[in-house]
>>> print(open('protein_17.tsv').read())   # TSV, C-alpha atoms
chain	number	residue	atom	x	y	z
H	1	MET	CA	144.75	-35.01	-99.89
H	2	THR	CA	142.03	-37.63	-100.21
H	3	ILE	CA	141.22	-39.74	-103.23
H	4	HIS	CA	137.48	-39.67	-103.85
H	5	ALA	CA	137.24	-42.74	-106.08
H	6	ASP	CA	134.80	-45.62	-106.24
H	7	LEU	CA	137.25	-48.15	-104.90
H	8	PRO	CA	136.30	-51.83	-104.61
H	9	ALA	CA	135.34	-53.35	-101.32
H	10	ARG	CA	138.29	-54.58	-99.26
H	11	PRO	CA	139.40	-58.05	-100.24
H	12	PRO	CA	138.77	-61.02	-97.94
H	13	ALA	CA	140.98	-61.66	-94.91
H	14	ASP	CA	143.52	-63.45	-97.12
H	15	ALA	CA	144.03	-61.30	-100.21
H	16	ALA	CA	146.51	-63.72	-101.76
H	17	VAL	CA	147.66	-67.23	-100.87
H	18	VAL	CA	150.81	-68.71	-102.41
H	19	ASP	CA	151.11	-72.44	-101.72
H	20	GLY	CA	154.13	-74.61	-102.61
H	21	LEU	CA	154.89	-72.56	-105.70
H	22	SER	CA	157.70	-73.51	-108.10
H	23	ARG	CA	158.61	-72.34	-111.60
H	24	THR	CA	161.08	-73.94	-113.98
H	25	PHE	CA	162.08	-73.10	-117.55
H	26	ASP	CA	163.61	-75.15	-120.34
H	27	ARG	CA	166.47	-73.21	-121.91
H	28	ALA	CA	168.53	-74.76	-124.70
H	29	GLY	CA	167.81	-78.23	-123.36
H	30	THR	CA	168.69	-77.26	-119.80
H	31	ARG	CA	166.13	-77.13	-117.03
H	32	VAL	CA	166.43	-73.97	-114.92
H	33	THR	CA	164.49	-73.50	-111.68
H	34	ALA	CA	163.75	-69.85	-110.94
H	35	PHE	CA	162.22	-70.53	-107.51
H	36	ARG	CA	160.83	-73.53	-105.66
H	37	ASP	CA	158.41	-74.44	-102.89
H	38	VAL	CA	157.46	-70.87	-102.02
H	39	SER	CA	154.52	-70.44	-99.64
H	40	PHE	CA	153.13	-67.34	-97.96
H	41	THR	CA	149.88	-65.48	-97.33
H	42	VAL	CA	149.21	-61.79	-97.83
H	43	ARG	CA	146.54	-60.29	-95.61
H	44	GLN	CA	144.05	-57.69	-96.76
H	45	GLY	CA	145.49	-54.20	-96.77
H	46	GLU	CA	148.98	-55.48	-96.00
H	47	PHE	CA	152.18	-54.05	-97.47
H	48	LEU	CA	154.47	-57.01	-98.13
H	49	THR	CA	157.96	-56.64	-99.61
H	50	ILE	CA	160.13	-59.37	-101.12
H	51	VAL	CA	163.92	-58.99	-101.11
H	52	GLY	CA	166.75	-61.30	-102.12
H	53	PRO	CA	169.89	-61.52	-104.28
H	54	SER	CA	169.74	-60.89	-108.02
H	55	GLY	CA	168.50	-63.89	-109.97
H	56	CYS	CA	166.58	-65.48	-107.08
H	57	GLY	CA	163.27	-65.40	-108.99
H	58	LYS	CA	161.52	-62.39	-107.43
H	59	THR	CA	160.15	-60.98	-110.69
H	60	THR	CA	159.23	-64.43	-112.00
H	61	LEU	CA	157.33	-65.03	-108.76
H	62	LEU	CA	155.43	-61.78	-109.25
H	63	ASN	CA	154.59	-62.78	-112.82
H	64	VAL	CA	153.15	-66.08	-111.61
H	65	ILE	CA	151.11	-64.35	-108.90
H	66	ALA	CA	149.74	-61.97	-111.54
H	67	GLY	CA	148.74	-64.82	-113.84
H	68	LEU	CA	151.21	-63.85	-116.58
H	69	LEU	CA	152.96	-67.21	-116.07
H	70	GLU	CA	151.61	-70.52	-114.88
H	71	PRO	CA	153.37	-72.26	-111.97
H	72	SER	CA	155.23	-75.50	-112.58
H	73	GLN	CA	154.04	-76.72	-109.19
H	74	GLY	CA	151.83	-75.35	-106.45
H	75	SER	CA	149.00	-72.85	-106.62
H	76	VAL	CA	148.19	-69.16	-106.29
H	77	GLU	CA	144.90	-67.83	-105.04
H	78	VAL	CA	144.15	-64.13	-105.55
H	79	GLU	CA	140.81	-62.85	-104.34
H	80	GLY	CA	139.66	-66.48	-104.21
H	81	ASP	CA	140.62	-67.07	-107.87
H	82	THR	CA	143.15	-69.76	-108.73
H	83	THR	CA	142.83	-69.47	-112.53
H	84	ARG	CA	144.86	-67.23	-114.82
H	85	SER	CA	141.95	-64.80	-114.85
H	86	ARG	CA	143.33	-63.61	-111.51
H	87	ILE	CA	145.22	-61.05	-113.59
H	88	LYS	CA	141.95	-59.11	-113.55
H	89	GLN	CA	142.29	-58.79	-109.77
H	90	VAL	CA	145.72	-57.13	-109.74
H	91	GLY	CA	147.38	-53.94	-110.88
H	92	TYR	CA	150.96	-54.54	-112.03
H	93	MET	CA	153.68	-51.91	-112.29
H	94	PHE	CA	156.96	-52.99	-113.85
H	95	GLN	CA	160.49	-51.77	-113.17
H	96	LYS	CA	160.37	-49.27	-116.05
H	97	ASP	CA	157.54	-46.78	-116.35
H	98	LEU	CA	156.67	-48.02	-119.90
H	99	LEU	CA	154.81	-44.80	-120.69
H	100	LEU	CA	153.96	-44.53	-124.38
H	101	PRO	CA	155.95	-41.58	-125.75
H	102	TRP	CA	153.32	-40.60	-128.34
H	103	ARG	CA	150.57	-40.32	-125.73
H	104	THR	CA	150.20	-37.45	-123.29
H	105	VAL	CA	150.40	-38.07	-119.55
H	106	ARG	CA	146.59	-37.92	-119.38
H	107	GLU	CA	146.28	-40.45	-122.21
H	108	ASN	CA	148.87	-42.75	-120.62
H	109	VAL	CA	147.09	-42.74	-117.26
H	110	ALA	CA	143.74	-43.41	-118.96
H	111	LEU	CA	145.10	-46.29	-121.05
H	112	GLY	CA	144.10	-49.10	-118.69
H	113	LEU	CA	140.51	-47.88	-118.55
H	114	GLU	CA	140.35	-47.58	-122.34
H	115	VAL	CA	141.61	-51.15	-122.71
H	116	GLN	CA	138.79	-52.24	-120.39
H	117	GLY	CA	136.28	-50.64	-122.73
H	118	VAL	CA	135.68	-47.32	-120.97
H	119	ARG	CA	134.99	-44.52	-123.46
H	120	LYS	CA	137.98	-42.29	-124.11
H	121	ARG	CA	136.30	-39.12	-122.88
H	122	GLN	CA	135.24	-40.74	-119.61
H	123	ALA	CA	138.60	-42.47	-119.10
H	124	ARG	CA	140.52	-39.26	-119.65
H	125	ARG	CA	138.23	-37.32	-117.34
H	126	GLN	CA	138.94	-39.87	-114.61
H	127	ALA	CA	142.65	-39.61	-115.41
H	128	ASP	CA	142.49	-35.83	-114.94
H	129	GLU	CA	140.75	-36.27	-111.58
H	130	LEU	CA	143.45	-38.67	-110.40
H	131	LEU	CA	146.27	-36.49	-111.72
H	132	THR	CA	144.86	-33.53	-109.81
H	133	ALA	CA	144.34	-35.55	-106.63
H	134	LEU	CA	147.90	-36.89	-106.71
H	135	GLY	CA	149.78	-33.75	-107.57
H	136	LEU	CA	150.23	-33.82	-111.35
H	137	GLY	CA	147.15	-31.80	-112.29
H	138	GLY	CA	149.09	-29.36	-114.43
H	139	PHE	CA	150.88	-32.02	-116.47
H	140	GLY	CA	148.08	-33.99	-118.14
H	141	GLY	CA	148.77	-32.45	-121.54
H	142	ARG	CA	152.54	-32.99	-121.38
H	143	TYR	CA	154.41	-35.90	-122.96
H	144	PRO	CA	156.58	-38.36	-120.99
H	145	SER	CA	159.78	-36.86	-122.42
H	146	GLU	CA	158.89	-33.57	-120.69
H	147	LEU	CA	158.73	-35.14	-117.20
H	148	SER	CA	161.40	-35.89	-114.62
H	149	GLY	CA	162.06	-39.50	-113.64
H	150	GLY	CA	160.05	-39.17	-110.44
H	151	MET	CA	157.09	-37.63	-112.27
H	152	ARG	CA	157.15	-40.41	-114.86
H	153	GLN	CA	157.05	-43.01	-112.11
H	154	ARG	CA	154.15	-41.22	-110.45
H	155	ALA	CA	152.27	-41.19	-113.75
H	156	ALA	CA	152.98	-44.89	-114.24
H	157	LEU	CA	151.70	-45.68	-110.76
H	158	MET	CA	148.56	-43.62	-111.43
H	159	ARG	CA	147.99	-45.70	-114.58
H	160	THR	CA	148.09	-48.75	-112.32
H	161	LEU	CA	145.88	-47.22	-109.62
H	162	ILE	CA	143.16	-45.96	-111.94
H	163	CYS	CA	142.00	-49.48	-112.75
H	164	ARG	CA	141.05	-49.80	-109.06
H	165	ARG	CA	142.39	-53.28	-108.48
H	166	PRO	CA	142.51	-54.25	-104.81
H	167	ILE	CA	145.96	-55.87	-105.10
H	168	LEU	CA	149.00	-54.01	-106.44
H	169	LEU	CA	152.14	-55.77	-107.63
H	170	LEU	CA	155.07	-53.35	-107.78
H	171	ASP	CA	158.38	-54.57	-109.23
H	172	GLU	CA	161.18	-52.21	-108.14
H	173	PRO	CA	159.26	-49.11	-109.25
H	174	PHE	CA	161.81	-46.68	-107.78
H	175	GLY	CA	165.00	-48.56	-108.59
H	176	ALA	CA	166.19	-46.12	-111.27
H	177	LEU	CA	165.61	-42.94	-109.25
H	178	ASP	CA	168.19	-40.89	-107.37
H	179	ALA	CA	168.23	-41.23	-103.59
H	180	LEU	CA	166.34	-37.99	-102.80
H	181	THR	CA	163.60	-38.57	-105.40
H	182	ARG	CA	163.33	-42.16	-104.26
H	183	SER	CA	162.74	-41.18	-100.62
H	184	ILE	CA	160.06	-38.69	-101.67
H	185	MET	CA	158.37	-41.32	-103.84
H	186	GLN	CA	158.39	-43.78	-100.95
H	187	GLU	CA	156.55	-41.35	-98.70
H	188	TRP	CA	154.14	-40.55	-101.53
H	189	LEU	CA	153.43	-44.25	-102.09
H	190	LEU	CA	152.69	-44.80	-98.40
H	191	GLN	CA	150.27	-41.89	-98.47
H	192	ILE	CA	148.43	-43.34	-101.48
H	193	TRP	CA	148.43	-46.84	-100.01
H	194	GLY	CA	146.93	-45.52	-96.80
H	195	GLN	CA	144.06	-43.96	-98.74
H	196	THR	CA	143.19	-46.79	-101.13
H	197	ASN	CA	143.03	-49.84	-98.81
H	198	SER	CA	145.04	-51.77	-101.42
H	199	THR	CA	147.10	-54.84	-100.68
H	200	VAL	CA	150.66	-54.39	-101.98
H	201	ILE	CA	153.33	-56.93	-102.93
H	202	PHE	CA	156.50	-54.96	-103.55
H	203	ILE	CA	159.92	-56.04	-104.85
H	204	THR	CA	163.14	-54.19	-104.12
H	205	HIS	CA	166.88	-54.70	-103.68
H	206	ASP	CA	166.98	-51.84	-101.18
H	207	VAL	CA	166.70	-53.10	-97.59
H	208	GLU	CA	166.07	-49.63	-96.18
H	209	GLU	CA	163.22	-49.13	-98.65
H	210	ALA	CA	161.76	-52.52	-97.72
H	211	ILE	CA	161.70	-51.70	-94.00
H	212	PHE	CA	160.38	-48.16	-94.43
H	213	LEU	CA	157.42	-49.25	-96.58
H	214	SER	CA	156.44	-52.64	-95.23
H	215	ASP	CA	154.44	-54.52	-92.65
H	216	ARG	CA	156.46	-57.65	-93.43
H	217	VAL	CA	159.59	-58.45	-95.43
H	218	LEU	CA	160.15	-61.84	-97.06
H	219	VAL	CA	163.79	-62.78	-97.72
H	220	MET	CA	164.51	-65.19	-100.57
H	221	THR	CA	167.55	-67.42	-100.95
H	222	ALA	CA	169.94	-67.54	-103.89
H	223	ARG	CA	168.59	-69.35	-106.97
H	224	PRO	CA	166.66	-71.50	-107.00
H	225	GLY	CA	164.90	-69.05	-104.72
H	226	THR	CA	162.91	-70.19	-101.74
H	227	LEU	CA	161.87	-68.36	-98.60
H	228	LYS	CA	164.63	-67.92	-96.06
H	229	ALA	CA	162.85	-65.62	-93.57
H	230	ASP	CA	159.59	-63.82	-92.91
H	231	VAL	CA	160.39	-60.70	-90.88
H	232	ALA	CA	157.72	-58.50	-89.28
H	233	VAL	CA	158.30	-54.72	-89.26
H	234	PRO	CA	156.86	-53.50	-85.93
H	235	LEU	CA	157.30	-49.79	-86.65
H	236	ALA	CA	154.36	-47.50	-85.95
H	237	ARG	CA	152.36	-45.95	-88.78
H	238	PRO	CA	152.14	-43.41	-90.27
H	239	ARG	CA	155.88	-43.27	-90.90
H	240	ALA	CA	158.05	-40.27	-91.60
H	241	TYR	CA	161.46	-40.65	-93.15
H	242	ASP	CA	163.30	-39.81	-89.93
H	243	VAL	CA	162.33	-43.30	-88.70
H	244	VAL	CA	165.37	-44.63	-90.60
H	245	THR	CA	167.68	-43.31	-87.86
H	246	THR	CA	165.86	-44.94	-84.94
H	247	PRO	CA	167.42	-47.90	-83.09
H	248	ALA	CA	164.52	-50.20	-84.03
H	249	PHE	CA	164.96	-49.42	-87.73
H	250	VAL	CA	168.73	-49.84	-87.62
H	251	SER	CA	168.36	-53.18	-85.82
H	252	LEU	CA	165.97	-54.48	-88.48
H	253	LYS	CA	168.31	-53.26	-91.21
H	254	GLU	CA	171.25	-55.13	-89.68
H	255	GLN	CA	169.17	-58.31	-89.42
H	256	LEU	CA	167.97	-58.18	-93.03
H	257	LEU	CA	171.35	-57.20	-94.46
H	258	GLY	CA	172.90	-60.16	-92.67
H	259	LEU	CA	170.33	-62.55	-94.15
H	260	ILE	CA	170.68	-61.17	-97.67
H	261	HIS	CA	174.49	-61.01	-97.55
H	262	GLN	CA	174.64	-64.74	-96.86
H	263	GLU	CA	172.54	-65.44	-99.95
H	264	GLY	CA	174.44	-62.93	-102.08
H	265	VAL	CA	177.68	-64.76	-101.35
H	266	LYS	CA	176.04	-68.06	-102.35
H	267	ALA	CA	174.75	-66.52	-105.58
H	268	ILE	CA	178.24	-65.33	-106.55
H	269	GLN	CA	179.84	-68.66	-105.66
>>> encode(input="protein_17.tsv", output="structure tokens")
Amino acid sequence: MTIHADLPARPPADAAVVDGLSRTFDRAGTRVTAFRDVSFTVRQGEFLTIVGPSGCGKTTLLNVIAGLLEPSQGSVEVEGDTTRSRIKQVGYMFQKDLLLPWRTVRENVALGLEVQGVRKRQARRQADELLTALGLGGFGGRYPSELSGGMRQRAALMRTLICRRPILLLDEPFGALDALTRSIMQEWLLQIWGQTNSTVIFITHDVEEAIFLSDRVLVMTARPGTLKADVAVPLARPRAYDVVTTPAFVSLKEQLLGLIHQEGVKAIQ
């Protein structure tokens, strides 16, 4: 399966640069720091995953990278853009699929293009092409309530992909799925990523998922979150799911679980 789409040129060598980033909120007169002094670089075409204990600021960090929130300190550069207009450079998929129940699957996938001003007929034709290419060609006229959880997530990811942004921000997109569907979706995502040349920043609580998908895994500390470790994943690509039983995979899993467990204990305390 190959996606024949007019994708943008690959981004520059550094697709995103996060430098000394911090974000605080004022809540009921109390100052709360979600994360502080976070710095990392994402290379073009890289699959980077961020893990850490609940409440460490992962989603807030993604919102700042996207331009939905401004940083309290530090800077973000996406495709060379440090302004909030960098949101035009990213595709963002949230934890829930957020499909509109009154729109068909085709209409949901086409929504991003319509918002950008593409005519409905053209947008929906492109949606049909993508649905066919990615295995949902017979479901364009169905409504979200008629789909399984995995199919809904696929449709939501297609809605993100169709806007052809070179950087994808994915916030726990498979967190609500059962284990079997989740593993299938992971393999499907890797296949799509390999075809689109996109740069991906992915958030998950699942260490096994992080290793299976990623080139690198960033581990965040308990709140206020900062970077604890930057771990390379030296597993050959393409990857099949049986890699999870190999000694190299198991060793990485033990290392990451140890790092995250330390921070989880701190978060509870």
>>> closest_residue(input="protein_17.tsv", among="H:Leu169, H:Leu213, H:Leu134, H:Ile260", to="H:Gln195", atoms="all atoms listed in the file")
H:Leu134
>>> closest_residue(input="protein_17.tsv", among="H:Leu218, H:Leu111, H:Ile211, H:Ala13", to="H:Val38", atoms="all atoms listed in the file")
H:Leu218
>>> closest_atom_pairs(input="protein_17.tsv", of="stretch 124-209 of chain H", to="stretch 74-80 of chain H", cutoff="12 Å", atoms="only C-alpha atoms", output="tab-separated table")
residue	atom	partner	partner_atom	distance
H:Arg165	CA	H:Glu79	CA	10.5
H:Pro166	CA	H:Glu79	CA	8.8
H:Ile167	CA	H:Val78	CA	8.5
H:Leu168	CA	H:Val78	CA	11.3
H:Leu169	CA	H:Val78	CA	11.7
H:Thr199	CA	H:Glu79	CA	10.8
H:Ile201	CA	H:Val78	CA	12.0
>>> closest_residue(input="protein_17.tsv", among="H:Gly29, H:Gly138, H:Gly45, H:Gly20", to="H:Arg216", atoms="only C-alpha atoms")
H:Gly45
>>> atom_distance(input="protein_17.tsv", atom1="atom CA of H:Ala16", atom2="atom CA of H:Ile192")
20.5 Å
>>> residues_near_point(input="protein_17.tsv", point="(149.4, -61.1, -113.4)", cutoff="12 Å", atoms="all atoms listed in the file", output="PyMOL selection string")
chain H and resi 59-71+76-78+81-94+165+167-171+201
>>> atom_distance(input="protein_17.tsv", atom1="atom CA of H:Glu107", atom2="atom CA of H:Ile203")
27.0 Å
>>> closest_residue(input="protein_17.tsv", among="H:Ala110, H:Ala236, H:Leu99, H:Met220", to="H:Arg125", atoms="all atoms listed in the file")
H:Ala110
>>> atom_distance(input="protein_17.tsv", atom1="atom CA of H:Phe35", atom2="atom CA of H:Gly264")
15.4 Å
>>> residues_near_point(input="protein_17.tsv", point="(149.7, -61.1, -101.0)", cutoff="7 Å", atoms="only C-alpha atoms", output="list in words")
Ala15, Ala16, Val17, Thr41, Val42, Arg43, Leu48, Thr199, Val200 and Ile201 of chain H
>>> closest_residue(input="protein_17.tsv", among="H:Gln122, H:Glu263, H:Glu208, H:Trp102", to="H:Val250", atoms="only C-alpha atoms")
H:Glu208
>>> closest_residue(input="protein_17.tsv", among="H:Val51, H:Asp206, H:Arg239, H:Gly149", to="H:Asp178", atoms="all atoms listed in the file")
H:Gly149
>>> residues_around(input="protein_17.tsv", residues="H:Gln186", least_positions_apart="6", cutoff="9 Å", atoms="all atoms listed in the file", output="list in words")
Phe174, Glu209, Phe212, Leu213 and Tyr241 of chain H
>>> residues_around(input="protein_17.tsv", residues="H:Arg152", least_positions_apart="2", cutoff="10 Å", atoms="all atoms listed in the file", output="ChimeraX atom specification")
/H:96-99,105,143-150,154-158
>>> write_last_selection(input="protein_17.tsv", atoms="C-alpha atoms", output="PDB file, in the coordinates of the input")
ATOM      1  CA  LYS H  96     160.370 -49.270-116.050  1.00  0.00           C
ATOM      2  CA  ASP H  97     157.540 -46.780-116.350  1.00  0.00           C
ATOM      3  CA  LEU H  98     156.670 -48.020-119.900  1.00  0.00           C
ATOM      4  CA  LEU H  99     154.810 -44.800-120.690  1.00  0.00           C
ATOM      5  CA  VAL H 105     150.400 -38.070-119.550  1.00  0.00           C
ATOM      6  CA  TYR H 143     154.410 -35.900-122.960  1.00  0.00           C
ATOM      7  CA  PRO H 144     156.580 -38.360-120.990  1.00  0.00           C
ATOM      8  CA  SER H 145     159.780 -36.860-122.420  1.00  0.00           C
ATOM      9  CA  GLU H 146     158.890 -33.570-120.690  1.00  0.00           C
ATOM     10  CA  LEU H 147     158.730 -35.140-117.200  1.00  0.00           C
ATOM     11  CA  SER H 148     161.400 -35.890-114.620  1.00  0.00           C
ATOM     12  CA  GLY H 149     162.060 -39.500-113.640  1.00  0.00           C
ATOM     13  CA  GLY H 150     160.050 -39.170-110.440  1.00  0.00           C
ATOM     14  CA  ARG H 154     154.150 -41.220-110.450  1.00  0.00           C
ATOM     15  CA  ALA H 155     152.270 -41.190-113.750  1.00  0.00           C
ATOM     16  CA  ALA H 156     152.980 -44.890-114.240  1.00  0.00           C
ATOM     17  CA  LEU H 157     151.700 -45.680-110.760  1.00  0.00           C
ATOM     18  CA  MET H 158     148.560 -43.620-111.430  1.00  0.00           C
TER      19      MET H 158
END
>>> residues_around(input="protein_17.tsv", residues="stretch 226-234 of chain H", least_positions_apart="3", cutoff="9 Å", atoms="all atoms listed in the file", output="number ranges by chain")
H: 22, 35-40, 56-57, 211-212, 214-223, 248-249, 252, 256, 259
>>> build_atoms(input="protein_17.tsv", residues="stretch 162-185 of chain H", atoms="N, CA and C atoms", output="CSV table (one decimal), keeping the file's coordinate frame")
chain,number,residue,atom,x,y,z
H,162,ILE,N,144.4,-46.4,-111.4
H,162,ILE,CA,143.2,-46.0,-111.9
H,162,ILE,C,142.2,-47.1,-112.3
H,163,CYS,N,142.8,-48.3,-112.5
H,163,CYS,CA,142.0,-49.5,-112.8
H,163,CYS,C,141.4,-50.1,-111.5
H,164,ARG,N,141.7,-49.5,-110.3
H,164,ARG,CA,141.0,-49.8,-109.1
H,164,ARG,C,141.1,-51.3,-108.7
H,165,ARG,N,142.2,-51.9,-108.9
H,165,ARG,CA,142.4,-53.3,-108.5
H,165,ARG,C,142.8,-53.3,-107.0
H,166,PRO,N,142.2,-54.2,-106.2
H,166,PRO,CA,142.5,-54.2,-104.8
H,166,PRO,C,143.9,-54.7,-104.4
H,167,ILE,N,144.6,-55.4,-105.4
H,167,ILE,CA,146.0,-55.9,-105.1
H,167,ILE,C,146.9,-55.3,-106.1
H,168,LEU,N,148.0,-54.6,-105.6
H,168,LEU,CA,149.0,-54.0,-106.4
H,168,LEU,C,150.3,-54.8,-106.4
H,169,LEU,N,150.9,-55.1,-107.5
H,169,LEU,CA,152.1,-55.8,-107.6
H,169,LEU,C,153.1,-54.8,-108.2
H,170,LEU,N,154.1,-54.4,-107.4
H,170,LEU,CA,155.1,-53.4,-107.8
H,170,LEU,C,156.5,-53.9,-107.8
H,171,ASP,N,157.1,-54.0,-109.0
H,171,ASP,CA,158.4,-54.6,-109.2
H,171,ASP,C,159.4,-53.5,-109.3
H,172,GLU,N,160.1,-53.2,-108.2
H,172,GLU,CA,161.2,-52.2,-108.1
H,172,GLU,C,160.8,-50.9,-108.8
H,173,PRO,N,159.7,-50.3,-108.5
H,173,PRO,CA,159.3,-49.1,-109.2
H,173,PRO,C,160.2,-47.9,-109.1
H,174,PHE,N,161.0,-47.9,-108.0
H,174,PHE,CA,161.8,-46.7,-107.8
H,174,PHE,C,163.3,-47.0,-108.0
H,175,GLY,N,163.6,-48.1,-108.5
H,175,GLY,CA,165.0,-48.6,-108.6
H,175,GLY,C,165.9,-47.6,-109.4
H,176,ALA,N,165.4,-46.9,-110.4
H,176,ALA,CA,166.2,-46.1,-111.3
H,176,ALA,C,166.3,-44.7,-110.8
H,177,LEU,N,165.7,-44.3,-109.7
H,177,LEU,CA,165.6,-42.9,-109.2
H,177,LEU,C,166.8,-42.6,-108.4
H,178,ASP,N,167.1,-41.3,-108.3
H,178,ASP,CA,168.2,-40.9,-107.4
H,178,ASP,C,167.7,-41.0,-105.9
H,179,ALA,N,168.6,-40.9,-105.0
H,179,ALA,CA,168.2,-41.2,-103.6
H,179,ALA,C,167.2,-40.3,-103.0
H,180,LEU,N,167.3,-39.0,-103.3
H,180,LEU,CA,166.3,-38.0,-102.8
H,180,LEU,C,165.0,-38.2,-103.4
H,181,THR,N,164.9,-38.3,-104.7
H,181,THR,CA,163.6,-38.6,-105.4
H,181,THR,C,163.0,-39.9,-104.9
H,182,ARG,N,163.8,-40.9,-104.7
H,182,ARG,CA,163.3,-42.2,-104.3
H,182,ARG,C,162.7,-42.0,-102.9
H,183,SER,N,163.3,-41.3,-102.0
H,183,SER,CA,162.7,-41.2,-100.6
H,183,SER,C,161.4,-40.4,-100.7
H,184,ILE,N,161.3,-39.4,-101.5
H,184,ILE,CA,160.1,-38.7,-101.7
H,184,ILE,C,159.0,-39.6,-102.2
H,185,MET,N,159.3,-40.4,-103.2
H,185,MET,CA,158.4,-41.3,-103.8
H,185,MET,C,157.9,-42.4,-102.8
